[in-house]
file upload28.tsv (TSV, C-alpha atoms and all ligand atoms)
chain	number	residue	atom	x	y	z
A	6	MET	CA	39.17	-20.27	-25.17
A	7	THR	CA	37.52	-23.35	-23.60
A	8	LEU	CA	37.79	-21.74	-20.20
A	9	SER	CA	36.01	-18.59	-21.42
A	10	ILE	CA	33.24	-20.67	-22.90
A	11	ILE	CA	32.82	-22.61	-19.67
A	12	ILE	CA	32.76	-19.42	-17.61
A	13	TYR	CA	30.25	-17.93	-20.03
A	14	LEU	CA	28.00	-21.00	-19.77
A	15	ILE	CA	28.15	-20.96	-15.97
A	16	GLU	CA	27.29	-17.25	-15.93
A	17	MET	CA	24.37	-17.77	-18.30
A	18	ASN	CA	23.12	-20.60	-16.15
A	19	LEU	CA	23.20	-18.38	-13.07
A	20	VAL	CA	21.35	-15.59	-14.87
A	21	GLN	CA	18.72	-18.02	-16.05
A	22	GLU	CA	18.26	-19.53	-12.59
A	23	ASN	CA	17.87	-16.06	-11.15
A	24	MET	CA	15.18	-15.27	-13.71
A	25	MET	CA	13.35	-18.53	-13.07
A	26	GLU	CA	13.35	-17.80	-9.34
A	27	LYS	CA	11.84	-14.36	-9.97
A	28	LEU	CA	9.23	-15.86	-12.25
A	29	ARG	CA	8.28	-18.48	-9.67
A	30	ASN	CA	7.85	-15.78	-7.03
A	31	ALA	CA	5.71	-13.70	-9.36
A	32	GLU	CA	3.54	-16.72	-10.12
A	33	LYS	CA	3.07	-17.47	-6.43
A	34	ILE	CA	1.93	-13.93	-5.75
A	35	ASN	CA	-0.44	-14.07	-8.68
A	36	ALA	CA	-1.94	-17.34	-7.44
A	37	ILE	CA	-2.31	-15.97	-3.91
A	38	SER	CA	-4.05	-12.81	-5.04
A	39	GLN	CA	-6.37	-14.73	-7.33
A	40	LEU	CA	-7.31	-17.10	-4.54
A	41	ALA	CA	-7.88	-14.25	-2.12
A	42	ALA	CA	-10.06	-12.48	-4.65
A	43	SER	CA	-12.26	-15.52	-5.21
A	44	VAL	CA	-12.67	-16.08	-1.46
A	45	ALA	CA	-13.61	-12.43	-0.98
A	46	HIS	CA	-16.11	-12.75	-3.78
A	47	GLU	CA	-17.67	-15.88	-2.27
A	48	ILE	CA	-18.13	-14.17	1.09
A	49	ARG	CA	-20.30	-11.58	-0.57
A	50	ASN	CA	-23.13	-13.94	-1.59
A	51	PRO	CA	-24.12	-15.14	1.89
A	52	MET	CA	-23.73	-11.57	3.09
A	53	THR	CA	-26.33	-10.42	0.60
A	54	THR	CA	-28.76	-13.04	1.91
A	55	VAL	CA	-28.17	-12.00	5.51
A	56	ARG	CA	-28.63	-8.36	4.59
A	57	GLY	CA	-31.91	-9.11	2.85
A	58	PHE	CA	-33.34	-10.92	5.87
A	59	LEU	CA	-32.23	-8.16	8.22
A	60	GLN	CA	-33.90	-5.62	5.97
A	61	MET	CA	-37.14	-7.61	6.19
A	62	LEU	CA	-36.88	-7.87	9.98
A	63	LYS	CA	-36.39	-4.13	10.19
A	64	ASN	CA	-39.88	-3.53	8.80
A	65	GLU	CA	-41.47	-5.82	11.38
A	66	LYS	CA	-43.97	-4.22	13.76
A	67	ASN	CA	-43.79	-4.75	17.54
A	68	LEU	CA	-40.01	-4.37	17.64
A	69	THR	CA	-38.53	-2.96	20.82
A	70	ALA	CA	-36.25	0.08	20.57
A	71	ASP	CA	-33.27	-2.14	21.41
A	72	GLN	CA	-34.10	-4.63	18.69
A	73	LYS	CA	-34.39	-1.80	16.16
A	74	THR	CA	-30.94	-0.53	17.15
A	75	PHE	CA	-29.42	-4.01	16.86
A	76	ILE	CA	-30.78	-4.42	13.35
A	77	LYS	CA	-29.63	-0.95	12.33
A	78	VAL	CA	-26.10	-1.54	13.63
A	79	SER	CA	-25.96	-4.99	11.98
A	80	LEU	CA	-26.95	-3.50	8.63
A	81	GLU	CA	-24.34	-0.78	8.96
A	82	GLU	CA	-21.64	-3.28	9.84
A	83	LEU	CA	-22.58	-5.47	6.88
A	84	ASP	CA	-22.33	-2.46	4.59
A	85	ARG	CA	-18.93	-1.61	6.00
A	86	THR	CA	-17.72	-5.18	5.44
A	87	ASN	CA	-19.00	-5.06	1.92
A	88	HIS	CA	-17.14	-1.82	1.37
A	89	ILE	CA	-13.89	-3.35	2.61
A	90	ILE	CA	-14.35	-6.37	0.34
A	91	SER	CA	-14.98	-4.10	-2.65
A	92	ASP	CA	-11.76	-2.23	-1.96
A	93	PHE	CA	-9.90	-5.47	-1.51
A	94	LEU	CA	-11.21	-6.90	-4.78
A	95	LEU	CA	-10.09	-3.76	-6.52
A	96	LEU	CA	-6.58	-4.34	-5.22
A	97	ALA	CA	-6.43	-8.07	-5.82
A	98	ARG	CA	-7.46	-7.67	-9.43
A	99	PRO	CA	-4.63	-8.78	-11.72
A	100	GLU	CA	-2.38	-5.90	-12.44
A	101	THR	CA	-3.25	-4.06	-15.61
A	102	SER	CA	-0.84	-1.23	-14.95
A	103	VAL	CA	-2.84	1.42	-16.73
A	104	THR	CA	-1.42	4.71	-15.57
A	105	SER	CA	-3.20	8.00	-15.16
A	106	LYS	CA	-2.88	11.31	-13.34
A	107	VAL	CA	-3.58	10.49	-9.69
A	108	SER	CA	-4.35	12.85	-6.82
A	109	LEU	CA	-1.86	11.64	-4.25
A	110	SER	CA	-3.37	13.93	-1.61
A	111	GLY	CA	-6.84	12.44	-2.09
A	112	LEU	CA	-5.57	8.90	-2.29
A	113	LEU	CA	-3.51	9.15	0.90
A	114	LEU	CA	-6.49	10.50	2.85
A	115	GLU	CA	-8.63	7.70	1.45
A	116	VAL	CA	-6.13	5.02	2.49
A	117	ALA	CA	-5.74	6.56	5.95
A	118	ASP	CA	-9.53	6.42	6.39
A	119	PHE	CA	-9.59	2.86	5.11
A	120	MET	CA	-6.93	1.78	7.61
A	121	ARG	CA	-8.40	3.61	10.62
A	122	PRO	CA	-10.63	0.72	11.81
A	123	TYR	CA	-7.65	-1.64	11.64
A	124	GLY	CA	-5.62	0.77	13.77
A	125	LEU	CA	-8.40	1.17	16.29
A	126	MET	CA	-8.20	-2.54	17.09
A	127	THR	CA	-4.82	-1.93	18.79
A	128	LYS	CA	-5.43	1.71	19.80
A	129	VAL	CA	-3.33	3.16	17.00
A	130	GLU	CA	-4.27	6.68	16.04
A	131	ILE	CA	-3.62	7.72	12.45
A	132	ARG	CA	-2.74	11.40	12.03
A	133	THR	CA	-2.46	12.99	8.64
A	134	SER	CA	-0.80	16.17	7.47
A	135	ILE	CA	-1.17	16.11	3.74
A	136	PHE	CA	-0.79	19.07	1.40
A	137	GLU	CA	-3.53	19.53	-1.16
A	138	GLY	CA	-3.04	19.37	-4.90
A	139	ILE	CA	-0.24	16.82	-5.13
A	140	PHE	CA	-0.50	14.85	-8.37
A	141	ILE	CA	1.59	11.98	-9.62
A	142	MET	CA	1.44	9.64	-12.59
A	143	GLY	CA	0.76	5.96	-11.95
A	144	ASN	CA	-1.75	3.17	-11.47
A	145	PRO	CA	-4.12	4.26	-8.68
A	146	ASN	CA	-4.70	0.72	-7.39
A	147	GLU	CA	-1.00	0.03	-7.15
A	148	ILE	CA	-0.36	3.30	-5.35
A	149	LYS	CA	-3.18	2.45	-2.94
A	150	GLN	CA	-1.69	-0.99	-2.37
A	151	LEU	CA	1.69	0.57	-1.61
A	152	PHE	CA	0.36	2.81	1.16
A	153	ILE	CA	-1.95	0.15	2.57
A	154	ASN	CA	1.06	-2.19	2.92
A	155	LEU	CA	3.16	0.44	4.67
A	156	MET	CA	0.42	1.66	7.01
A	157	LYS	CA	-0.53	-1.92	7.83
A	158	ASN	CA	3.07	-2.72	8.82
A	159	SER	CA	3.25	0.40	10.97
A	160	ILE	CA	0.01	-0.48	12.75
A	161	GLU	CA	1.21	-4.04	13.29
A	162	ALA	CA	4.46	-2.67	14.73
A	163	MET	CA	2.44	-0.97	17.50
A	164	PRO	CA	0.55	-3.77	19.26
A	165	ASP	CA	0.13	-1.60	22.36
A	166	GLY	CA	-1.07	1.44	20.47
A	167	GLY	CA	0.63	4.64	19.41
A	168	ILE	CA	0.55	7.26	16.72
A	169	LEU	CA	0.98	6.70	13.02
A	170	GLU	CA	1.83	9.88	11.18
A	171	VAL	CA	1.20	10.18	7.48
A	172	SER	CA	2.52	13.33	5.85
A	173	ALA	CA	3.00	14.46	2.28
A	174	PHE	CA	4.25	17.60	0.61
A	175	LYS	CA	5.82	18.80	-2.62
A	176	ARG	CA	9.55	19.40	-2.90
A	177	ASN	CA	11.07	20.64	-6.15
A	178	THR	CA	9.93	18.04	-8.68
A	179	THR	CA	8.93	15.31	-6.25
A	180	ALA	CA	6.19	14.42	-3.83
A	181	ASP	CA	7.65	13.40	-0.49
A	182	ILE	CA	5.57	11.09	1.64
A	183	GLN	CA	6.41	9.95	5.13
A	184	ILE	CA	4.84	7.09	7.06
A	185	LYS	CA	6.13	7.23	10.61
A	186	ASP	CA	5.31	4.97	13.53
A	187	GLU	CA	6.25	4.61	17.19
A	188	GLY	CA	6.48	0.85	16.96
A	189	VAL	CA	8.94	-1.91	17.76
A	190	GLY	CA	11.44	-0.76	15.14
A	191	MET	CA	14.15	-2.88	13.54
A	192	SER	CA	17.79	-3.70	14.09
A	193	LYS	CA	20.38	-3.07	11.35
A	194	GLU	CA	20.36	-6.78	10.46
A	195	LYS	CA	16.59	-6.81	10.12
A	196	LEU	CA	16.62	-3.67	8.00
A	197	GLN	CA	18.88	-5.41	5.53
A	198	MET	CA	16.48	-8.31	5.22
A	199	LEU	CA	13.59	-6.07	4.19
A	200	GLY	CA	12.05	-6.67	0.82
A	201	GLN	CA	13.17	-10.28	0.51
A	202	PRO	CA	10.23	-12.50	-0.37
A	203	TYR	CA	8.70	-14.35	2.56
A	204	TYR	CA	10.85	-12.53	5.12
A	205	SER	CA	8.46	-11.99	7.99
A	206	THR	CA	8.77	-11.82	11.76
A	207	LYS	CA	5.03	-12.25	12.25
A	208	THR	CA	3.28	-15.53	12.96
A	209	LYS	CA	0.62	-14.73	10.41
A	210	GLY	CA	2.84	-12.65	8.13
A	211	THR	CA	3.38	-13.36	4.45
A	212	GLY	CA	6.55	-11.38	3.96
A	213	LEU	CA	5.18	-10.19	0.63
A	214	GLY	CA	4.02	-6.71	1.57
A	215	LEU	CA	7.32	-4.89	1.32
A	216	MET	CA	8.50	-6.82	-1.69
A	217	ILE	CA	5.40	-5.69	-3.58
A	218	SER	CA	5.77	-2.17	-2.20
A	219	PHE	CA	9.38	-1.77	-3.34
A	220	ASP	CA	8.40	-3.06	-6.74
A	221	ILE	CA	5.63	-0.48	-7.01
A	222	ILE	CA	7.98	2.33	-5.95
A	223	ASN	CA	10.42	1.23	-8.64
A	224	ARG	CA	7.74	1.26	-11.28
A	225	LEU	CA	6.73	4.76	-10.19
A	226	LYS	CA	10.40	5.73	-10.64
A	227	GLY	CA	10.54	6.71	-7.00
A	228	LYS	CA	13.06	6.41	-4.21
A	229	TYR	CA	12.71	5.40	-0.60
A	230	LEU	CA	14.55	5.73	2.66
A	231	ILE	CA	13.91	3.65	5.76
A	232	GLU	CA	15.00	4.82	9.17
A	233	SER	CA	14.40	2.66	12.20
A	234	THR	CA	15.39	2.49	15.84
A	235	GLN	CA	14.56	-0.53	17.92
A	236	ASN	CA	11.76	0.06	20.42
A	237	LYS	CA	11.38	3.63	19.18
A	238	GLY	CA	9.88	3.40	15.74
A	239	THR	CA	10.29	3.38	12.02
A	240	SER	CA	9.83	5.89	9.27
A	241	PHE	CA	9.46	5.25	5.56
A	242	THR	CA	10.16	8.26	3.38
A	243	ILE	CA	9.14	7.90	-0.22
A	244	SER	CA	9.88	10.35	-2.96
A	245	LEU	CA	7.85	10.10	-6.18
A	246	PRO	CA	8.10	12.24	-9.31
A	247	LEU	CA	5.33	14.85	-9.53
A	248	TYR	CA	2.95	14.94	-12.45
A	249	TYR	CA	3.40	17.86	-14.83
A	250	SER	CA	1.08	18.77	-17.64
A	251	PRO	CA	2.67	19.21	-21.10
A	252	GLU	CA	2.10	22.99	-20.83
A	253	GLU	CA	3.94	23.17	-17.51
A	254	ILE	CA	6.88	21.28	-18.94
A	255	ARG	CA	7.09	23.74	-21.84
A	256	GLN	CA	7.31	26.75	-19.50
A	257	PRO	CA	10.81	28.14	-19.00
A	258	SER	CA	10.44	28.08	-15.19
A	259	PHE	CA	10.12	24.30	-15.35
A	260	GLN	CA	13.66	23.97	-16.63
A	261	ASN	CA	14.91	25.70	-13.49
A	262	MET	CA	12.77	23.55	-11.24
A	263	SER	CA	13.78	20.28	-12.75
A	264	GLY	CA	17.42	21.15	-12.21
A	265	GLY	CA	16.86	20.60	-8.52
A	266	GLN	CA	18.32	24.04	-7.71
A	267	ARG	CA	17.10	27.47	-8.59
A	268	MET	CA	19.37	29.19	-11.04
A	269	ASN	CA	18.86	32.70	-9.65
A	270	GLU	CA	20.05	31.65	-6.23
A	271	SER	CA	23.52	32.77	-5.27
B	301	LIG	P1	4.61	-9.10	6.73
B	301	LIG	O1	3.97	-7.80	7.17
B	301	LIG	O2	3.61	-10.06	6.18
B	301	LIG	O3	5.47	-9.71	7.79
B	301	LIG	P2	6.17	-7.37	5.04
B	301	LIG	O4	6.93	-7.60	3.79
B	301	LIG	O5	5.10	-6.33	4.98
B	301	LIG	O6	5.59	-8.75	5.50
B	301	LIG	O7	7.19	-6.97	6.18
B	301	LIG	C1	8.30	-7.81	6.43
B	301	LIG	C2	8.85	-7.61	7.83
B	301	LIG	O8	9.46	-6.33	7.95
B	301	LIG	C3	7.83	-7.66	8.95
B	301	LIG	O9	7.54	-8.97	9.34
B	301	LIG	C4	8.52	-6.85	10.05
B	301	LIG	O10	9.41	-7.66	10.77
B	301	LIG	C5	9.34	-5.83	9.28
B	301	LIG	N1	8.68	-4.51	9.23
B	301	LIG	C6	8.07	-3.94	8.17
B	301	LIG	N2	7.58	-2.73	8.47
B	301	LIG	C7	7.89	-2.49	9.76
B	301	LIG	C8	7.66	-1.41	10.69
B	301	LIG	N3	6.99	-0.30	10.32
B	301	LIG	N4	8.14	-1.53	11.95
B	301	LIG	C9	8.81	-2.64	12.32
B	301	LIG	N5	9.05	-3.70	11.53
B	301	LIG	C10	8.61	-3.64	10.26
B	302	MG	MG	3.09	-6.39	5.90
call {"tool": "encode", "arguments": {"input": "upload28.tsv", "output": "structure tokens", "more": "lines below"}}
Ligand code: ADP
Ligand code: MG
result
Amino acid sequence: MTLSIIIYLIEMNLVQENMMEKLRNAEKINAISQLAASVAHEIRNPMTTVRGFLQMLKNEKNLTADQKTFIKVSLEELDRTNHIISDFLLLARPETSVTSKVSLSGLLLEVADFMRPYGLMTKVEIRTSIFEGIFIMGNPNEIKQLFINLMKNSIEAMPDGGILEVSAFKRNTTADIQIKDEGVGMSKEKLQMLGQPYYSTKTKGTGLGLMISFDIINRLKGKYLIESTQNKGTSFTISLPLYYSPEEIRQPSFQNMSGGQRMNES
């Protein structure tokens, strides 16, 4: 009897410690994202001033053609930076987890466009083959964050350039997305470490990206598969449940589809 009680107490203690650890990690992430958001916000103010002055300069007479081009390019670059900060702030905002019907096709194209400049820095070309009309249910910002994290890792795995392929199509009741790179790849040991907080092989890495990504996939009730060969590349395949309208669910054909196999197939 005493032994059982002692074992029970030890077990409870372990469970509690585990929970505390998770809580601490969650708090750290929250603090980091809040800090990042406030920094991003602060960068915007001086940028607005600079933009205003450039705008005034632009209207100056006696400017040479070169000077006009410099000002034009500077304004465009400032606008692009502002755009990136806006997107970032959207992501860093504390998670509200409001779900809605999301166009996965549109969102993937958007993220690929967003990541293109980052890829260009190391000559990584992003290719997309994404079927239209794929809808899922979830929080759009979280889904965006998920694909940004994965594409970012793939780009960072190809420091000497390469191709990053993003594809998506419907299969039975799921949307299958693949993010495939030709990067450094991972050994079996490394693969097993993935998703642990602060596990990073990069000097400036946080080791938070994949942890957050796996969490988002879980919340979307999805599955993932990682395949990797060292010095050849890595592919992440993610399978997320498709969105169905209530009418579609009521239709008899849906019952066949959701079974995973067609009933009239012999
Ligand atoms: P970070 O990118 O900050 O290091 P992540 O959680 O995003 O943190 O990734 C953790 C680690 O997983 C990376 O440091 C890297 O070693 C490995 N990794 C993730 N994605 C890939 C990939 N596509 N190719 C090779 N290694 C990867
Ligand atoms: Mg990362």
call {"tool": "atom_distance", "arguments": {"input": "upload28.tsv", "atom1": "atom CA of Leu155 of chain A", "atom2": "atom C8 of ligand LIG 301 (chain B)"}}
result
7.7 Å
call {"tool": "residues_around", "arguments": {"input": "upload28.tsv", "residues": "segment 146-150 of chain A", "least_positions_apart": "4", "cutoff": "12 Å", "atoms": "only C-alpha atoms", "output": "ChimeraX atom specification"}}
result
/A:92-120,140-142,154-157,213-225,227,243,245
call {"tool": "residues_near_ligand", "arguments": {"input": "upload28.tsv", "ligand": "ligand LIG 301 (chain B)", "cutoff": "9 Å", "atoms": "all atoms listed in the file", "output": "ChimeraX atom specification"}}
result
/A:154-163,184-191,195-196,198-218,233,235,238-241
call {"tool": "closest_residue", "arguments": {"input": "upload28.tsv", "among": "A:Leu80, A:Leu151, A:Leu28, A:Ile89", "to": "Gly57 of chain A", "atoms": "all atoms listed in the file"}}
result
A:Leu80
call {"tool": "atom_distance", "arguments": {"input": "upload28.tsv", "atom1": "atom CA of Thr242 of chain A", "atom2": "atom CA of Ile182 of chain A"}}
result
5.7 Å
call {"tool": "closest_residue", "arguments": {"input": "upload28.tsv", "among": "A:Ile254, A:Val171, A:Ile34, A:Ile153", "to": "ligand MG 302 (chain B)", "atoms": "only C-alpha atoms and all ligand atoms"}}
result
A:Ile153
call {"tool": "closest_residue", "arguments": {"input": "upload28.tsv", "among": "A:Phe152, A:Val44, A:Met17, A:Lys77", "to": "ligand MG 302 (chain B)", "atoms": "all atoms listed in the file"}}
result
A:Phe152
call {"tool": "atom_distance", "arguments": {"input": "upload28.tsv", "atom1": "atom CA of Pro164 of chain A", "atom2": "atom CA of Tyr123 of chain A"}}
result
11.4 Å
call {"tool": "axis_aligned_box", "arguments": {"input": "upload28.tsv", "around": "segment 218-234 of chain A", "padding_each_side": "5 Å", "output": "lines of an AutoDock Vina configuration file"}}
result
center_x = 10.5
center_y = 1.8
center_z = 2.3
size_x = 19.8
size_y = 19.8
size_z = 37.1
call {"tool": "residues_around", "arguments": {"input": "upload28.tsv", "residues": "Lys73 of chain A", "least_positions_apart": "3", "cutoff": "12 Å", "atoms": "all atoms listed in the file", "output": "PyMOL selection string"}}
result
chain A and resi 59-70+76-80
call {"tool": "closest_residue", "arguments": {"input": "upload28.tsv", "among": "A:Leu125, A:Ile11, A:Ile135, A:Leu19", "to": "Lys175 of chain A", "atoms": "all atoms listed in the file"}}
result
A:Ile135
